[in-house]
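Below: work01.pdb (PDB, C-alpha atoms)
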MODEL        1
ATOM      1  CA  MET D  66     -13.073  50.142  62.303
ATOM      2  CA  VAL D  67     -14.120  46.530  62.737
ATOM      3  CA  ARG D  68     -17.765  46.078  63.600
ATOM      4  CA  LYS D  69     -19.028  43.003  65.398
ATOM      5  CA  THR D  70     -22.399  41.644  64.417
ATOM      6  CA  LEU D  71     -24.328  39.282  66.602
ATOM      7  CA  VAL D  72     -25.458  36.091  64.970
ATOM      8  CA  PHE D  73     -29.013  35.003  65.710
ATOM      9  CA  GLN D  74     -29.839  31.306  65.511
ATOM     10  CA  LYS D  75     -33.179  29.664  66.085
ATOM     11  CA  SER D  76     -34.046  25.976  66.182
ATOM     12  CA  VAL D  77     -37.387  24.225  66.609
ATOM     13  CA  THR D  78     -37.570  20.670  67.960
ATOM     14  CA  TYR D  79     -40.695  18.534  68.313
ATOM     15  CA  PHE D  80     -41.136  15.888  71.013
ATOM     16  CA  PHE D  81     -43.535  13.124  71.933
ATOM     17  CA  LEU D  82     -43.274  11.909  75.541
ATOM     18  CA  LYS D  83     -45.111   8.999  77.082
ATOM     19  CA  SER D  84     -44.875   6.971  80.248
ATOM     20  CA  LYS D  85     -46.486   4.103  82.078
ATOM     21  CA  ASP D  86     -46.069   3.321  85.751
ATOM     22  CA  GLU D  87     -47.709   0.820  88.074
ATOM     23  CA  ASN D  88     -48.516   1.865  91.621
ATOM     24  CA  MET D  89     -49.831  -0.030  94.608
ATOM     25  CA  ASP D  90     -52.057   1.673  97.158
ATOM     26  CA  ASN D  91     -54.143  -0.085  99.828
ATOM     27  CA  GLY D  92     -53.559  -3.435  98.152
ATOM     28  CA  LEU D  93     -54.839  -2.260  94.743
ATOM     29  CA  THR D  94     -52.545  -1.957  91.748
ATOM     30  CA  SER D  95     -53.223   0.913  89.380
ATOM     31  CA  ILE D  96     -51.613   2.026  86.155
ATOM     32  CA  THR D  97     -50.790   5.662  85.435
ATOM     33  CA  LEU D  98     -50.398   6.604  81.779
ATOM     34  CA  PHE D  99     -49.027   9.938  80.568
ATOM     35  CA  ALA D 100     -48.553  11.379  77.089
ATOM     36  CA  ARG D 101     -47.462  14.835  75.918
ATOM     37  CA  LEU D 102     -46.813  16.560  72.605
ATOM     38  CA  MET D 103     -44.511  19.545  72.895
ATOM     39  CA  ARG D 104     -42.280  21.872  70.914
ATOM     40  CA  GLU D 105     -39.035  23.474  72.056
ATOM     41  CA  VAL D 106     -37.932  26.698  70.398
ATOM     42  CA  THR D 107     -34.320  27.554  71.176
ATOM     43  CA  SER D 108     -32.893  30.958  70.286
ATOM     44  CA  VAL D 109     -29.227  31.883  70.535
ATOM     45  CA  MET D 110     -28.074  35.490  70.287
ATOM     46  CA  GLY D 111     -24.371  35.848  70.917
ATOM     47  CA  GLN D 112     -23.696  34.191  74.286
ATOM     48  CA  GLU D 113     -27.342  34.170  75.373
ATOM     49  CA  LYS D 114     -29.459  31.036  74.899
ATOM     50  CA  ARG D 115     -33.209  30.901  75.531
ATOM     51  CA  THR D 116     -35.533  27.923  75.281
ATOM     52  CA  GLN D 117     -39.304  28.178  75.162
ATOM     53  CA  VAL D 118     -41.395  25.026  75.658
ATOM     54  CA  ASP D 119     -44.926  24.896  74.244
ATOM     55  CA  THR D 120     -47.254  22.028  75.138
ATOM     56  CA  PHE D 121     -49.818  21.304  72.423
ATOM     57  CA  TRP D 122     -51.501  18.329  74.079
ATOM     58  CA  VAL D 123     -51.196  16.404  77.329
ATOM     59  CA  GLN D 124     -53.188  13.571  78.893
ATOM     60  CA  ILE D 125     -52.928  11.592  82.130
ATOM     61  CA  ASP D 126     -55.028   8.499  82.790
ATOM     62  CA  ASP D 127     -55.213   6.380  85.922
ATOM     63  CA  LEU D 128     -56.924   3.007  85.832
ATOM     64  CA  GLU D 129     -57.148  -0.100  87.918
ATOM     65  CA  LYS D 130     -54.799  -2.766  86.610
ATOM     66  CA  GLY D 131     -57.698  -5.202  86.375
ATOM     67  CA  HIS D 132     -59.450  -2.870  83.910
ATOM     68  CA  ALA D 133     -56.383  -2.363  81.703
ATOM     69  CA  THR D 134     -56.015  -4.127  78.370
ATOM     70  CA  GLU D 135     -53.286  -6.730  77.947
ATOM     71  CA  LYS D 136     -51.572  -4.315  75.553
ATOM     72  CA  LEU D 137     -51.342  -1.647  78.288
ATOM     73  CA  LYS D 138     -50.211  -4.126  80.944
ATOM     74  CA  ALA D 139     -47.409  -5.308  78.652
ATOM     75  CA  LEU D 140     -45.961  -1.805  78.170
ATOM     76  CA  PRO D 141     -42.714  -1.226  80.075
ATOM     77  CA  ASN D 142     -42.784   0.935  83.207
ATOM     78  CA  CYS D 143     -40.729   3.826  81.925
ATOM     79  CA  MET D 144     -40.626   7.330  80.486
ATOM     80  CA  GLU D 145     -39.944   7.532  76.752
ATOM     81  CA  LYS D 146     -39.025  10.689  74.863
ATOM     82  CA  TYR D 147     -39.043  10.784  71.063
ATOM     83  CA  GLU D 148     -37.702  13.590  68.916
ATOM     84  CA  VAL D 149     -39.913  13.698  65.820
ATOM     85  CA  SER D 150     -40.205  15.740  62.642
ATOM     86  CA  GLU D 151     -42.828  18.468  62.341
ATOM     87  CA  LYS D 152     -44.837  16.282  59.961
ATOM     88  CA  VAL D 153     -44.882  13.311  62.379
ATOM     89  CA  PHE D 154     -45.743  15.730  65.201
ATOM     90  CA  GLN D 155     -48.751  17.011  63.234
ATOM     91  CA  HIS D 156     -49.945  13.437  62.639
ATOM     92  CA  LEU D 157     -49.568  12.636  66.347
ATOM     93  CA  LEU D 158     -51.518  15.781  67.189
ATOM     94  CA  GLN D 159     -54.324  14.649  64.856
ATOM     95  CA  LEU D 160     -54.339  11.234  66.510
ATOM     96  CA  ALA D 161     -54.467  12.898  69.940
ATOM     97  CA  GLN D 162     -57.650  14.718  68.912
ATOM     98  CA  THR D 163     -59.413  11.618  67.567
ATOM     99  CA  CYS D 164     -58.001   8.570  69.451
ATOM    100  CA  PRO D 165     -55.881   9.864  72.344
ATOM    101  CA  LYS D 166     -55.539   6.524  74.158
ATOM    102  CA  GLU D 167     -53.804   5.035  71.101
ATOM    103  CA  LEU D 168     -50.796   7.281  71.761
ATOM    104  CA  TYR D 169     -49.823   5.268  74.842
ATOM    105  CA  GLY D 170     -49.013   2.201  72.755
ATOM    106  CA  ILE D 171     -47.294   3.595  69.667
ATOM    107  CA  ILE D 172     -43.670   4.185  68.799
ATOM    108  CA  PRO D 173     -43.520   7.037  66.289
ATOM    109  CA  TYR D 174     -41.038   7.418  63.463
ATOM    110  CA  HIS D 175     -38.318   9.433  65.214
ATOM    111  CA  SER D 176     -34.795  10.807  64.818
ATOM    112  CA  LYS D 177     -33.789  10.346  68.460
ATOM    113  CA  ALA D 178     -35.209   8.436  71.419
ATOM    114  CA  GLU D 179     -34.503   8.149  75.137
ATOM    115  CA  ARG D 180     -35.912   5.695  77.666
ATOM    116  CA  GLU D 181     -35.656   5.844  81.436
ATOM    117  CA  MET D 182     -36.910   2.769  83.264
ATOM    118  CA  PHE D 183     -38.864   3.190  86.507
ATOM    119  CA  ILE D 184     -37.965   1.172  89.594
ATOM    120  CA  PRO D 185     -40.730  -1.396  90.213
ATOM    121  CA  TRP D 186     -42.792  -0.478  93.291
ATOM    122  CA  GLN D 187     -42.019  -3.877  94.848
ATOM    123  CA  GLU D 188     -38.276  -3.135  94.742
ATOM    124  CA  LEU D 189     -38.807   0.395  95.995
ATOM    125  CA  GLU D 190     -40.978  -0.836  98.869
ATOM    126  CA  GLN D 191     -38.405  -3.494  99.800
ATOM    127  CA  CYS D 192     -35.575  -0.970  99.658
ATOM    128  CA  MET D 193     -37.464   1.425 101.965
ATOM    129  CA  GLN D 194     -38.040  -1.355 104.481
ATOM    130  CA  ASN D 195     -34.339  -2.317 104.473
ATOM    131  CA  CYS D 196     -32.993   1.233 104.720
TER     132      CYS D 196
ENDMDL
END
Write the structure described by the file as structure tokens, please.
Amino acid sequence: MVRKTLVFQKSVTYFFLKSKDENMDNGLTSITLFARLMREVTSVMGQEKRTQVDTFWVQIDDLEKGHATEKLKALPNCMEKYEVSEKVFQHLLQLAQTCPKELYGIIPYHSKAEREMFIPWQELEQCMQNC
């Protein structure tokens, strides 16, 4: 008699996400900054796949554009997602505990990266007026 055994596979992936977006409200331009350190644990048992997401650190900052540093103003308006090693993740986590605002401006050593640009609010506003 042939016996089937289910194969169990588990993978752990570490991510660093950050974004910057400029918004205009009542004539004032503000900058929203977001950063997150997370881990995805994916388990596969036969045909069943489960993913668990654990957030280790997250921060959101809003500031008036006039109070932002030139470095922050120069960052692109986008969402960036970096797949990093566990060691790089641990270093980023340390940095988050001591100098969290530095995470907005760094590009970590990574194995994979994705970037999604945001539509500038001026274009979005113009599009809504023309629609």
Residues matched by the PyMOL selection byres ((chain D and resi 110-117) around 12), written as an mmCIF file with C-alpha atoms, keeping the file's coordinate frame:
data_model
loop_
_atom_site.group_PDB
_atom_site.id
_atom_site.type_symbol
_atom_site.label_atom_id
_atom_site.label_comp_id
_atom_site.auth_asym_id
_atom_site.auth_seq_id
_atom_site.Cartn_x
_atom_site.Cartn_y
_atom_site.Cartn_z
ATOM 1 C CA LYS D 69 -19.028 43.003 65.398
ATOM 2 C CA THR D 70 -22.399 41.644 64.417
ATOM 3 C CA LEU D 71 -24.328 39.282 66.602
ATOM 4 C CA VAL D 72 -25.458 36.091 64.970
ATOM 5 C CA PHE D 73 -29.013 35.003 65.710
ATOM 6 C CA GLN D 74 -29.839 31.306 65.511
ATOM 7 C CA LYS D 75 -33.179 29.664 66.085
ATOM 8 C CA SER D 76 -34.046 25.976 66.182
ATOM 9 C CA VAL D 77 -37.387 24.225 66.609
ATOM 10 C CA THR D 78 -37.570 20.670 67.960
ATOM 11 C CA TYR D 79 -40.695 18.534 68.313
ATOM 12 C CA MET D 103 -44.511 19.545 72.895
ATOM 13 C CA ARG D 104 -42.280 21.872 70.914
ATOM 14 C CA GLU D 105 -39.035 23.474 72.056
ATOM 15 C CA VAL D 106 -37.932 26.698 70.398
ATOM 16 C CA THR D 107 -34.320 27.554 71.176
ATOM 17 C CA SER D 108 -32.893 30.958 70.286
ATOM 18 C CA VAL D 109 -29.227 31.883 70.535
ATOM 19 C CA VAL D 118 -41.395 25.026 75.658
ATOM 20 C CA ASP D 119 -44.926 24.896 74.244
ATOM 21 C CA THR D 120 -47.254 22.028 75.138
#
Checklist entry - Can you list, as a list in words, every protein, DNA or RNA residue that comes within 9 Å of Pro165 of chain D when you count only C-alpha atoms, leaving out same-chain residues fewer than 4 positions away? => result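 The residues satisfying every condition are Ala100, Gln124, Leu158, Leu160, Ala161 and Tyr169 of chain D.
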Please evaluate the PyMOL selection byres ((chain D and resi 141) around 9) against the displayed coordinates and give the resulting residues as a compact mmCIF listing (two decimals) with C-alpha atoms, in the frame of the given file.
# COMPACT_ATOMS: atom_id res chain seq x y z
CA SER D 84 -44.88 6.97 80.25
CA LYS D 85 -46.49 4.10 82.08
CA ASP D 86 -46.07 3.32 85.75
CA LEU D 137 -51.34 -1.65 78.29
CA LYS D 138 -50.21 -4.13 80.94
CA ALA D 139 -47.41 -5.31 78.65
CA LEU D 140 -45.96 -1.80 78.17
CA ASN D 142 -42.78 0.94 83.21
CA CYS D 143 -40.73 3.83 81.92
CA MET D 144 -40.63 7.33 80.49
CA MET D 182 -36.91 2.77 83.26
CA PHE D 183 -38.86 3.19 86.51
Item to check | Point-to-point distance from atom CA of Leu102 of chain D to atom CA of Cys164 of chain D, Å rounded to tenths | outcome: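 So the answer is 14.1 Å.
Atom CA of Leu98 of chain D lies 11.3 Å from atom CA of Glu129 of chain D.
Between atom CA of Leu82 of chain D and atom CA of Ile125 of chain D the interatomic distance comes to 11.7 Å.
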Checklist entry - Hey, which of D:Leu168, D:His132, D:Lys177, D:Gln194 ends up closest to Ser150 of chain D? Count only C-alpha atoms. => result D:Lys177
Next on the checklist: If we count only C-alpha atoms and set the cut-off at 10 Å, which residues sit around Leu157 of chain D, ignoring sequence neighbours fewer than 5 positions away in its own chain? Please answer as a PyMOL selection string.
Outcome noted: chain D and resi 81+102+122+149+151-152+162-165+167-168+171+173
Given the PyMOL selection byres ((chain D and resi 179) around 9) and the file above, list the residues it selects as a PDB file with C-alpha atoms, in the frame of the given file.
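Final output, part_5.pdb:
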ATOM      1  CA  MET D 144     -40.626   7.330  80.486  1.00  0.00           C
ATOM      2  CA  GLU D 145     -39.944   7.532  76.752  1.00  0.00           C
ATOM      3  CA  LYS D 146     -39.025  10.689  74.863  1.00  0.00           C
ATOM      4  CA  TYR D 147     -39.043  10.784  71.063  1.00  0.00           C
ATOM      5  CA  GLU D 148     -37.702  13.590  68.916  1.00  0.00           C
ATOM      6  CA  LYS D 177     -33.789  10.346  68.460  1.00  0.00           C
ATOM      7  CA  ALA D 178     -35.209   8.436  71.419  1.00  0.00           C
ATOM      8  CA  ARG D 180     -35.912   5.695  77.666  1.00  0.00           C
ATOM      9  CA  GLU D 181     -35.656   5.844  81.436  1.00  0.00           C
TER      10      GLU D 181
END
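Comparing D:Asn195, D:Ser176, D:Phe121, D:Lys130 by their smallest distance to Met89 of chain D, the closest is D:Lys130 (using all atoms listed in the file).
Checking D:His175, D:Ala133, D:Gly170, D:Gly92 one by one against Val153 of chain D, counting only C-alpha atoms, you find the shortest gap at D:His175.
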